[in-house]
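Chemist: Just so it is clear, I am handing over work_31.tsv, which has TSV, C-alpha atoms.
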```
chain	number	residue	atom	x	y	z
A	2	MET	CA	-10.26	-7.33	21.95
A	3	LEU	CA	-7.31	-9.03	20.24
A	4	VAL	CA	-6.86	-7.79	16.66
A	5	ASN	CA	-4.91	-9.88	14.15
A	6	PRO	CA	-5.23	-8.31	10.70
A	7	LEU	CA	-4.10	-9.95	7.48
A	8	THR	CA	-3.11	-7.84	4.51
A	9	LEU	CA	-3.53	-9.79	1.27
A	10	HIS	CA	-1.88	-8.38	-1.84
A	11	ILE	CA	-3.49	-10.20	-4.76
A	12	ARG	CA	-1.65	-9.80	-8.05
A	13	LEU	CA	-3.99	-11.25	-10.65
A	14	THR	CA	-1.71	-10.30	-13.55
A	15	LYS	CA	1.68	-8.73	-14.18
A	16	HIS	CA	0.58	-7.37	-17.53
A	17	CYS	CA	0.32	-3.58	-17.85
A	18	ASN	CA	-0.78	-1.02	-20.45
A	19	ALA	CA	2.03	1.39	-19.53
A	20	ASP	CA	5.81	1.04	-19.76
A	21	CYS	CA	7.22	3.01	-16.82
A	22	SER	CA	11.00	3.23	-16.62
A	23	TYR	CA	11.40	1.57	-13.21
A	24	CYS	CA	9.06	-1.38	-13.83
A	25	SER	CA	9.16	-4.52	-15.95
A	26	SER	CA	5.48	-5.50	-15.68
A	27	TRP	CA	4.64	-4.25	-19.17
A	28	GLN	CA	6.98	-6.94	-20.56
A	29	GLU	CA	4.95	-9.75	-19.01
A	30	SER	CA	2.54	-12.05	-20.84
A	31	PRO	CA	-1.04	-10.72	-20.93
A	32	ASP	CA	-2.40	-14.27	-20.73
A	33	ALA	CA	-0.72	-15.24	-17.46
A	34	ARG	CA	-3.45	-14.54	-14.92
A	35	LEU	CA	-4.50	-16.01	-11.61
A	36	THR	CA	-7.89	-17.67	-12.20
A	37	PRO	CA	-10.78	-17.31	-9.73
A	38	ALA	CA	-10.52	-21.03	-8.96
A	39	ASP	CA	-6.82	-20.74	-8.15
A	40	LEU	CA	-7.43	-17.61	-6.11
A	41	ARG	CA	-9.98	-19.53	-4.02
A	42	LYS	CA	-7.49	-22.37	-3.53
A	43	SER	CA	-4.84	-19.90	-2.40
A	44	ILE	CA	-7.04	-17.98	0.02
A	45	ASP	CA	-8.54	-21.14	1.51
A	46	PHE	CA	-5.04	-22.50	1.99
A	47	ILE	CA	-3.74	-19.32	3.64
A	48	LEU	CA	-6.69	-18.83	5.98
A	49	ASP	CA	-6.98	-22.49	6.99
A	50	SER	CA	-3.28	-23.16	7.60
A	51	ALA	CA	-2.30	-19.81	9.12
A	52	PRO	CA	-2.90	-20.78	12.78
A	53	ASP	CA	-0.42	-23.66	12.48
A	54	LYS	CA	2.21	-22.34	10.04
A	55	LEU	CA	2.10	-18.60	10.67
A	56	GLY	CA	1.19	-18.81	14.34
A	57	VAL	CA	-1.82	-16.52	14.10
A	58	SER	CA	-5.60	-16.68	13.69
A	59	PHE	CA	-6.76	-13.70	11.68
A	60	THR	CA	-9.64	-11.52	12.84
A	61	HIS	CA	-10.10	-9.54	9.63
A	62	VAL	CA	-8.70	-9.27	6.12
A	63	THR	CA	-7.69	-6.32	3.96
A	64	ALA	CA	-7.45	-7.50	0.35
A	65	GLN	CA	-5.71	-5.26	-2.17
A	66	PHE	CA	-6.01	-6.24	-5.85
A	67	LEU	CA	-2.96	-5.29	-7.90
A	68	GLY	CA	-1.10	-5.74	-11.15
A	69	GLY	CA	0.66	-5.08	-13.43
A	70	GLU	CA	-2.49	-3.18	-14.12
A	71	ILE	CA	-5.65	-4.58	-12.55
A	72	ALA	CA	-7.83	-3.21	-15.36
A	73	MET	CA	-6.13	-5.67	-17.74
A	74	VAL	CA	-8.37	-8.29	-16.13
A	75	PRO	CA	-11.82	-8.33	-17.82
A	76	ALA	CA	-14.43	-6.62	-15.65
A	77	ALA	CA	-16.71	-9.66	-15.41
A	78	GLU	CA	-13.80	-11.87	-14.33
A	79	LEU	CA	-12.76	-9.26	-11.79
A	80	ASP	CA	-16.25	-9.36	-10.30
A	81	VAL	CA	-15.82	-13.10	-9.75
A	82	HIS	CA	-12.43	-12.57	-8.07
A	83	ILE	CA	-13.95	-10.05	-5.67
A	84	GLU	CA	-16.76	-12.44	-4.79
A	85	VAL	CA	-14.22	-15.22	-4.19
A	86	VAL	CA	-12.45	-13.12	-1.55
A	87	LYS	CA	-15.67	-11.92	0.08
A	88	SER	CA	-17.16	-15.42	0.29
A	89	ALA	CA	-13.95	-17.04	1.58
A	90	CYS	CA	-13.88	-14.51	4.41
A	91	ALA	CA	-17.62	-14.70	5.07
A	92	VAL	CA	-17.68	-18.47	5.65
A	93	ARG	CA	-14.96	-18.00	8.28
A	94	GLY	CA	-16.68	-15.07	9.96
A	95	LEU	CA	-13.94	-12.64	8.93
A	96	ILE	CA	-14.55	-8.99	8.14
A	97	CYS	CA	-13.17	-8.23	4.68
A	98	VAL	CA	-12.22	-4.83	3.32
A	99	PHE	CA	-11.15	-4.89	-0.32
A	100	GLY	CA	-9.65	-2.35	-2.66
A	101	ALA	CA	-7.52	-1.99	-5.77
A	102	GLN	CA	-4.58	-0.10	-7.21
A	103	SER	CA	-4.77	1.13	-10.82
A	104	ASN	CA	-2.69	3.40	-13.01
A	105	LEU	CA	-5.97	4.90	-14.33
A	106	ILE	CA	-4.80	4.61	-17.92
A	107	LEU	CA	-8.43	3.95	-18.72
A	108	SER	CA	-11.44	5.52	-20.32
A	109	GLN	CA	-13.64	7.55	-18.00
A	110	ARG	CA	-16.31	4.86	-18.16
A	111	ASN	CA	-13.91	2.07	-17.23
A	112	ALA	CA	-12.40	4.13	-14.43
A	113	ALA	CA	-15.89	4.64	-12.98
A	114	ARG	CA	-16.62	0.93	-13.32
A	115	LEU	CA	-13.44	0.07	-11.45
A	116	TYR	CA	-14.24	2.59	-8.71
A	117	ASP	CA	-17.71	1.09	-8.27
A	118	GLN	CA	-16.42	-2.49	-8.25
A	119	PHE	CA	-14.18	-1.71	-5.30
A	120	GLU	CA	-16.68	0.53	-3.49
A	121	GLY	CA	-14.48	3.58	-3.83
A	122	ARG	CA	-11.36	1.98	-2.36
A	123	LEU	CA	-9.40	2.69	-5.50
A	124	GLY	CA	-5.88	4.02	-5.45
A	125	THR	CA	-3.59	5.17	-8.23
A	126	SER	CA	-0.11	6.55	-8.81
A	127	ILE	CA	0.53	10.20	-9.44
A	128	ASP	CA	3.25	11.90	-11.48
A	129	LEU	CA	2.39	15.32	-12.84
A	130	SER	CA	5.83	16.38	-14.03
A	131	THR	CA	8.52	13.75	-14.63
A	132	SER	CA	9.17	11.40	-17.55
A	133	THR	CA	9.17	8.24	-15.40
A	134	ARG	CA	5.64	7.04	-16.22
A	135	THR	CA	5.02	6.48	-19.91
A	136	ILE	CA	2.89	4.88	-22.60
A	137	LYS	CA	5.12	3.70	-25.45
A	138	GLY	CA	7.82	5.93	-24.02
A	139	ASP	CA	5.59	9.03	-24.00
A	140	PRO	CA	5.06	10.61	-20.55
A	141	GLU	CA	2.67	13.26	-21.88
A	142	LYS	CA	0.33	10.66	-23.35
A	143	TYR	CA	0.33	8.92	-19.97
A	144	ARG	CA	-0.56	12.16	-18.17
A	145	VAL	CA	-3.35	13.12	-20.57
A	146	ILE	CA	-5.16	9.80	-20.15
A	147	TRP	CA	-4.52	9.70	-16.39
A	148	LYS	CA	-5.81	13.23	-15.87
A	149	SER	CA	-8.96	12.49	-17.86
A	150	ALA	CA	-9.85	9.48	-15.69
A	151	ASP	CA	-8.77	11.14	-12.44
A	152	THR	CA	-10.71	14.34	-13.15
A	153	TYR	CA	-13.81	12.35	-14.01
A	154	LEU	CA	-13.64	10.40	-10.75
A	155	ARG	CA	-13.06	13.55	-8.71
A	156	LYS	CA	-16.17	15.12	-10.25
A	157	ASN	CA	-18.46	12.10	-10.41
A	158	ARG	CA	-17.26	9.87	-7.54
A	159	SER	CA	-14.49	10.95	-5.14
A	160	THR	CA	-10.80	11.70	-5.43
A	161	PRO	CA	-8.76	8.48	-5.60
A	162	GLY	CA	-5.81	8.17	-3.27
A	163	ALA	CA	-2.39	8.09	-4.88
A	164	ILE	CA	1.16	6.86	-4.43
A	165	TYR	CA	3.97	9.25	-5.24
A	166	VAL	CA	7.41	7.70	-5.75
A	167	VAL	CA	10.15	9.78	-4.16
A	168	GLU	CA	13.20	9.73	-6.41
A	169	PRO	CA	16.67	11.09	-5.64
A	170	ASP	CA	16.88	14.89	-5.68
A	171	ASN	CA	13.19	15.55	-6.42
A	172	SER	CA	12.08	17.01	-3.09
A	173	VAL	CA	10.64	20.12	-4.78
A	174	ASP	CA	8.47	17.94	-6.99
A	175	ALA	CA	7.36	15.88	-3.98
A	176	ILE	CA	6.23	19.03	-2.16
A	177	LEU	CA	4.24	20.13	-5.21
A	178	HIS	CA	2.45	16.77	-5.26
A	179	LEU	CA	1.66	17.03	-1.54
A	180	ARG	CA	0.12	20.45	-2.11
A	181	GLU	CA	-1.87	19.08	-5.06
A	182	ALA	CA	-3.16	16.34	-2.77
A	183	ALA	CA	-4.28	18.93	-0.22
A	184	ARG	CA	-6.08	20.98	-2.88
A	185	SER	CA	-7.88	18.00	-4.37
A	186	ARG	CA	-8.53	16.26	-0.99
A	187	ARG	CA	-6.44	13.28	-2.11
A	188	ALA	CA	-4.96	10.79	0.35
A	189	ILE	CA	-1.35	10.36	-0.69
A	190	THR	CA	1.43	7.90	0.07
A	191	PHE	CA	5.10	8.75	-0.35
A	192	ARG	CA	7.45	5.85	-0.90
A	193	PRO	CA	11.07	5.57	-2.04
A	194	ILE	CA	11.71	4.51	-5.60
A	195	PHE	CA	12.08	0.75	-5.86
A	196	LYS	CA	13.42	-1.82	-8.27
A	197	GLY	CA	10.27	-3.16	-9.90
A	198	GLY	CA	12.23	-5.67	-11.94
A	199	ILE	CA	14.68	-3.08	-13.30
A	200	ASP	CA	18.15	-3.33	-11.76
A	201	SER	CA	19.39	-0.04	-13.21
A	202	VAL	CA	17.04	2.05	-11.05
A	203	HIS	CA	18.95	4.64	-9.00
A	204	LEU	CA	17.79	4.42	-5.37
A	205	ASN	CA	17.64	7.17	-2.77
A	206	SER	CA	20.57	7.69	-0.44
A	207	ALA	CA	19.82	7.94	3.28
A	208	GLU	CA	20.61	11.66	3.24
A	209	GLN	CA	18.48	12.44	0.19
A	210	PHE	CA	15.50	10.51	1.47
A	211	GLN	CA	15.65	12.03	4.94
A	212	ALA	CA	15.79	15.57	3.56
A	213	SER	CA	12.80	14.95	1.30
A	214	MET	CA	10.64	13.12	3.84
A	215	VAL	CA	11.28	15.49	6.75
A	216	GLU	CA	10.40	18.44	4.53
A	217	LEU	CA	7.20	16.69	3.47
A	218	PHE	CA	6.30	15.83	7.06
A	219	ASP	CA	6.82	19.41	8.25
A	220	GLU	CA	4.62	20.68	5.41
A	221	TRP	CA	1.85	18.19	6.24
A	222	PHE	CA	1.83	17.73	10.02
A	223	LEU	CA	-1.11	19.43	11.80
A	224	ARG	CA	-1.61	21.62	8.73
A	225	MET	CA	-3.09	19.72	5.81
A	226	PRO	CA	-6.60	18.24	5.50
A	227	VAL	CA	-5.59	14.90	3.94
A	228	ILE	CA	-4.02	11.61	5.00
A	229	ALA	CA	-0.36	11.40	3.99
A	230	GLU	CA	1.47	8.11	4.47
A	231	PRO	CA	3.66	6.85	5.99
A	232	PHE	CA	3.38	9.95	8.20
A	233	PHE	CA	-0.17	9.17	9.33
A	234	GLN	CA	0.87	5.67	10.39
A	235	LEU	CA	3.97	6.95	12.18
A	236	CYS	CA	1.85	9.46	14.10
A	237	GLU	CA	-0.67	6.81	15.09
A	238	SER	CA	2.02	4.43	16.29
A	239	ARG	CA	3.88	7.07	18.27
A	240	ILE	CA	0.79	8.64	19.85
A	241	TRP	CA	-0.45	5.21	20.87
A	242	GLU	CA	2.92	4.34	22.43
A	243	VAL	CA	3.52	7.54	24.38
A	244	SER	CA	-0.03	8.15	25.57
A	245	GLY	CA	-2.10	5.01	25.17
A	246	VAL	CA	-4.63	6.86	23.00
A	247	SER	CA	-6.40	4.33	20.79
A	248	ARG	CA	-5.54	4.08	17.13
A	249	VAL	CA	-7.84	5.85	14.70
A	250	GLN	CA	-7.65	2.99	12.22
A	251	THR	CA	-5.71	-0.24	11.82
A	252	THR	CA	-2.97	0.54	9.35
A	253	ALA	CA	-1.28	-2.03	7.20
A	254	CYS	CA	2.28	-2.77	6.10
A	255	ALA	CA	5.70	-1.41	7.05
A	256	PHE	CA	7.10	-0.76	10.52
A	257	GLN	CA	6.33	-4.19	11.89
A	258	SER	CA	8.95	-6.82	12.65
A	259	ASP	CA	6.42	-9.68	12.50
A	260	CYS	CA	5.12	-9.07	8.97
A	261	THR	CA	5.19	-12.82	8.22
A	262	ARG	CA	2.19	-13.00	10.59
A	263	LYS	CA	0.33	-10.11	8.98
A	264	SER	CA	1.01	-9.99	5.27
A	265	VAL	CA	0.88	-12.35	2.29
A	266	ASN	CA	1.28	-11.54	-1.40
A	267	ILE	CA	-0.25	-13.90	-3.99
A	268	GLU	CA	1.34	-13.95	-7.45
A	269	PRO	CA	-0.43	-14.95	-10.70
A	270	ASN	CA	1.11	-18.45	-10.54
A	271	GLY	CA	0.12	-18.88	-6.88
A	272	ASP	CA	3.56	-18.16	-5.43
A	273	LEU	CA	3.35	-16.58	-1.99
A	274	TYR	CA	5.64	-13.81	-0.72
A	275	VAL	CA	5.65	-11.79	2.47
A	276	CYS	CA	4.80	-8.65	0.49
A	277	LEU	CA	4.52	-7.21	-2.99
A	278	GLU	CA	7.91	-5.49	-2.77
A	279	MET	CA	9.67	-8.75	-1.91
A	280	ALA	CA	7.98	-10.42	-4.86
A	281	ASP	CA	9.07	-7.61	-7.20
A	282	ALA	CA	12.64	-7.84	-5.91
A	283	GLY	CA	12.81	-11.56	-6.62
A	284	MET	CA	13.35	-12.57	-3.00
A	285	ALA	CA	12.58	-16.11	-1.93
A	286	PRO	CA	8.88	-17.05	-1.85
A	287	ILE	CA	7.35	-18.50	1.31
A	288	GLY	CA	5.00	-20.94	-0.41
A	289	ASN	CA	2.52	-21.55	-3.21
A	290	GLY	CA	-1.20	-21.19	-2.56
A	291	VAL	CA	-2.36	-23.10	-5.63
A	292	LYS	CA	-0.20	-26.10	-4.72
A	293	GLY	CA	-1.05	-25.75	-1.02
A	294	GLU	CA	2.56	-25.52	0.14
A	295	TRP	CA	4.46	-23.44	2.69
A	296	TYR	CA	8.22	-23.27	2.25
A	297	ILE	CA	9.11	-23.71	5.90
A	298	GLU	CA	12.79	-22.82	5.61
A	299	ALA	CA	12.17	-19.46	3.91
A	300	LEU	CA	9.23	-18.71	6.18
A	301	GLY	CA	11.34	-19.42	9.24
A	302	VAL	CA	14.15	-17.16	8.08
A	303	TYR	CA	11.84	-14.20	7.51
A	304	ALA	CA	9.87	-14.84	10.72
A	305	SER	CA	13.10	-14.83	12.73
A	306	ARG	CA	13.39	-11.08	12.25
A	307	ALA	CA	10.86	-10.46	15.03
A	308	SER	CA	13.23	-11.77	17.70
A	309	ASN	CA	16.54	-10.78	16.10
A	310	LEU	CA	16.50	-7.03	15.55
A	311	PRO	CA	19.86	-5.24	15.70
A	312	GLN	CA	20.99	-4.20	19.16
A	313	SER	CA	20.83	-0.56	18.09
A	314	CYS	CA	17.12	-1.05	17.35
A	315	LYS	CA	16.45	-2.74	20.68
A	316	ALA	CA	18.08	0.18	22.51
A	317	CYS	CA	16.25	2.82	20.46
A	318	PRO	CA	13.51	4.87	22.21
A	319	TYR	CA	11.32	4.48	19.12
A	320	VAL	CA	11.56	0.71	18.66
A	321	LYS	CA	7.97	0.05	19.76
A	322	SER	CA	6.75	2.60	17.23
A	323	CYS	CA	8.74	1.43	14.20
A	324	HIS	CA	9.49	-2.22	15.13
A	325	GLY	CA	12.85	-2.07	13.40
A	326	GLY	CA	11.48	-0.66	10.15
A	327	CYS	CA	10.87	-2.50	6.89
A	328	MET	CA	12.41	-5.95	6.37
A	329	TYR	CA	12.26	-5.61	2.59
A	330	GLU	CA	14.27	-2.39	2.68
A	331	SER	CA	16.87	-3.96	4.97
A	332	ILE	CA	17.33	-6.94	2.65
A	333	SER	CA	17.33	-4.90	-0.58
A	334	GLN	CA	19.96	-2.54	0.85
A	335	GLY	CA	22.25	-5.44	1.69
A	336	GLN	CA	21.63	-5.46	5.46
A	337	GLY	CA	19.94	-8.85	5.56
A	338	VAL	CA	16.80	-10.14	7.26
A	339	HIS	CA	17.92	-8.99	10.71
A	340	GLY	CA	19.35	-5.63	9.67
A	341	LYS	CA	17.75	-2.23	9.37
A	342	SER	CA	17.07	0.11	6.51
A	343	HIS	CA	19.35	3.09	6.02
A	344	HIS	CA	16.12	5.11	6.16
A	345	CYS	CA	16.23	4.62	9.95
A	346	SER	CA	17.52	8.18	10.34
A	347	THR	CA	14.46	9.47	8.50
A	348	TRP	CA	11.99	7.77	10.84
A	349	LYS	CA	13.93	8.86	13.92
A	350	ALA	CA	13.81	12.48	12.77
A	351	ILE	CA	10.05	12.25	12.24
A	352	PHE	CA	9.38	10.51	15.57
A	353	LYS	CA	11.35	13.27	17.29
A	354	ARG	CA	9.10	15.86	15.66
A	355	ILE	CA	6.00	13.98	16.82
A	356	ASP	CA	7.31	13.83	20.39
A	357	ASP	CA	8.03	17.56	20.31
A	358	ALA	CA	4.48	18.23	19.10
A	359	VAL	CA	3.01	16.06	21.87
A	360	ALA	CA	4.94	18.13	24.41
A	361	VAL	CA	3.51	21.35	22.96
A	362	HIS	CA	-0.03	20.40	21.90
A	363	GLY	CA	-0.78	17.19	23.78
A	364	ALA	CA	-1.51	13.72	22.41
A	365	ASP	CA	-5.28	14.28	22.35
A	366	HIS	CA	-4.95	17.27	20.03
A	367	ILE	CA	-2.93	15.26	17.50
A	368	HIS	CA	-5.24	12.25	17.85
A	369	GLU	CA	-8.29	14.40	17.13
A	370	TRP	CA	-6.62	15.84	14.03
A	371	LEU	CA	-5.83	12.33	12.74
A	372	HIS	CA	-9.43	11.31	13.42
A	373	ARG	CA	-10.74	14.25	11.38
A	374	LEU	CA	-8.57	13.21	8.43
A	375	VAL	CA	-9.91	9.66	8.47
A	376	THR	CA	-13.52	10.82	8.89
A	377	ARG	CA	-13.23	13.28	6.03
A	378	HIS	CA	-11.68	10.66	3.76
A	379	GLU	CA	-14.26	7.98	4.57
A	380	ASN	CA	-17.19	10.39	4.17
A	381	ALA	CA	-15.90	11.35	0.72
A	382	ARG	CA	-15.61	7.68	-0.27
A	383	ILE	CA	-19.15	6.89	0.90
A	384	ALA	CA	-20.51	9.91	-0.95
A	385	GLY	CA	-18.70	8.72	-4.08
A	386	VAL	CA	-20.23	5.26	-3.81
A	387	VAL	CA	-23.68	6.82	-3.49
A	388	LYS	CA	-23.04	8.93	-6.60
A	389	GLY	CA	-22.16	5.78	-8.48
A	390	ASP	CA	-25.33	4.02	-7.33
A	391	VAL	CA	-27.47	7.00	-8.39
A	392	ARG	CA	-25.85	7.24	-11.81
A	393	GLU	CA	-26.35	3.51	-12.35
A	394	ILE	CA	-30.04	3.80	-11.50
A	395	GLU	CA	-30.38	6.78	-13.81
A	396	GLY	CA	-28.43	5.03	-16.57
A	397	VAL	CA	-26.02	7.94	-16.97
A	398	GLU	CA	-22.93	5.76	-17.47
```
Any chance you could put this one into structure tokens?
Modeler:
Amino acid sequence: MLVNPLTLHIRLTKHCNADCSYCSSWQESPDARLTPADLRKSIDFILDSAPDKLGVSFTHVTAQFLGGEIAMVPAAELDVHIEVVKSACAVRGLICVFGAQSNLILSQRNAARLYDQFEGRLGTSIDLSTSTRTIKGDPEKYRVIWKSADTYLRKNRSTPGAIYVVEPDNSVDAILHLREAARSRRAITFRPIFKGGIDSVHLNSAEQFQASMVELFDEWFLRMPVIAEPFFQLCESRIWEVSGVSRVQTTACAFQSDCTRKSVNIEPNGDLYVCLEMADAGMAPIGNGVKGEWYIEALGVYASRASNLPQSCKACPYVKSCHGGCMYESISQGQGVHGKSHHCSTWKAIFKRIDDAVAVHGADHIHEWLHRLVTRHENARIAGVVKGDVREIEGVE
């Protein structure tokens, strides 16, 4: 069966209740929000015009609600937004999986409400030690509120997944967060620090990032009981390529040269970008959903990456697994739409480790381990949703 997934990043607001050092969202107007009516216009436009303009008919949709901080949107309004997405997909016969990303700077009650709204598909960001994430410049205040909400969800729902931002020279801290994730059964994503509207952010060098990520991979691979990204996705891609073993789940984002056919980010004013990172970096939009417009020139430039990878990528033994890496990273690092990220060396080192493991353990052994991680994670989410339903019936919250 042909599978054509669409990842929708839906940024309802840029407003935030924190003031992290690498991000400018907290400076945005709290009143500038995407309305449910405009969201419906945008989604209808994307889904109806995609076959012609993007060259693809989608088979299912993963919708991720984002900010700023998503909890800045009133809960009742957020319910309407969720229903808009579900109904737009339903009338087209599309499966829809929806989730949200929150900083969890919320009361315990509001954190539980958000978890329940998104049926347990709630992610957060984690930072247990640095001064990067703050409320009015205070990292400890941020941590106290975050820990209160996170602890409550772990006890009364399930452990939310988290993103950890890998900064230069903090590999020791990254390892500590991976071990915390294993202890608390938390799915975790490691990503390089990015410029979220702040140009002064110091990015990772190729050498720093490779050292950190390879150390994390070696700590995680075939050892830990939780999903860790992008390692999980890299394993799936490589195992599928070298052995033909089916994928455990359809992963989204990164490591795909045709992301213009698979990913759309909707901004509060309706502007459309290939992804959230490209929107944050101020790269050219590809259209506006509210106005019902595709910007053909920009869309064509980004789409051309799929057939114009560097020769070194085309000759690489891992090209079918990484597809030339992330277009956003290539552009932001000055390599252009058709270039490659300087994190290429990182992914090559990890793919080599996967190949070595296949030679020792076999592809089936690794595939079964990946399947156990997904099953464990999904069972925990379902159990958390049930807990929420029971507590609602009992009137506990």
Chemist: Could you list as a PyMOL selection string every residue that has an atom within 8 Å of (-11.5, 17.0, -6.4), using the file's coordinates and counting all atoms listed in the file?
Modeler: chain A and resi 152+155-156+159-160+184-187
Chemist: How many Å lie between CA of Glu168 in chain A and CA of Phe233 in chain A, rounded to one decimal?
Modeler: 20.7 Å
Chemist: Measuring between all atoms listed in the file, which one of A:Ile355, A:Ala381, A:Ala307, A:Ile47 shows the shortest distance to Tyr274 in chain A?
Modeler: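 Of A:Ile355, A:Ala381, A:Ala307, A:Ile47, the one nearest Tyr274 in chain A, counting all atoms listed in the file, is A:Ile47.
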Chemist: Name all residues at most 7 Å from Leu310 in chain A (count all atoms listed in the file; drop same-chain ones fewer than 6 positions away) and give them as a ChimeraX atom specification.
Modeler: /A:325,339-340
Chemist: Considering only C-alpha atoms, state which residue in the set A:Asn18, A:Asn5, A:Gln336, A:Ser244 is at the smallest distance from Asn104 in chain A.
Modeler: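 The answer is A:Asn18, which sits nearest to Asn104 in chain A.
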Chemist: Is there a way to get, as a ChimeraX atom specification, all residues within 12 Å of the point (-11.3, 6.3, 8.1) in file coordinates, counting all atoms listed in the file?
Modeler: /A:122,188,227-228,233,248-252,371-383
Chemist: For CA of Tyr165 in chain A and CA of Glu181 in chain A, quote the distance in Å rounded to one decimal.
Modeler: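 Value for the CA of Tyr165 in chain A-CA of Glu181 in chain A distance: 11.4 Å.
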Chemist: Could you state the separation of CA of His324 in chain A and CA of Glu369 in chain A in Å, given to one decimal place?
Modeler: 24.4 Å
Chemist: Give me, as CSV, the closest atom pair and its distance (Å, one decimal) for every residue of range 202-298 of chain A within a cut-off of 10 Å of range 35-39 of chain A, counting only C-alpha atoms, rows sorted by chain and rising number.
Modeler:
```
residue,atom,partner,partner_atom,distance
A:Ile267,CA,A:Leu35,CA,9.0
A:Glu268,CA,A:Leu35,CA,7.5
A:Pro269,CA,A:Leu35,CA,4.3
A:Asn270,CA,A:Leu35,CA,6.2
A:Gly271,CA,A:Leu35,CA,7.2
A:Gly290,CA,A:Asp39,CA,7.9
A:Val291,CA,A:Asp39,CA,5.6
A:Lys292,CA,A:Asp39,CA,9.2
```
Chemist: Compare A:His366, A:Glu330, A:Ser322, A:Ala91 by their minimum atom-to-atom distance to Cys276 in chain A, counting only C-alpha atoms, and give me the closest one.
Modeler: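 Looking only at the distances to Cys276 in chain A, the closest residue turns out to be A:Glu330.
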Chemist: Need to verify the contact set: Ala299 in chain A, 9 Å, all atoms listed in the file, exclusion of same-chain residues closer than 2 positions in sequence. Can you return it as a ChimeraX atom specification?
Modeler: /A:285-288,295-297,301-304
Chemist: Which one is closest to Lys321 in chain A: A:Trp370, A:Phe256, A:Tyr153, A:Tyr23? Count all atoms listed in the file.
Modeler: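 Among the listed residues, A:Phe256 lies closest to Lys321 in chain A.
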Chemist: Just checking: using all atoms listed in the file, which residue out of A:Asp45, A:Glu278, A:Glu84, A:Asp32 ends up closest to Arg192 in chain A?
Modeler: A:Glu278
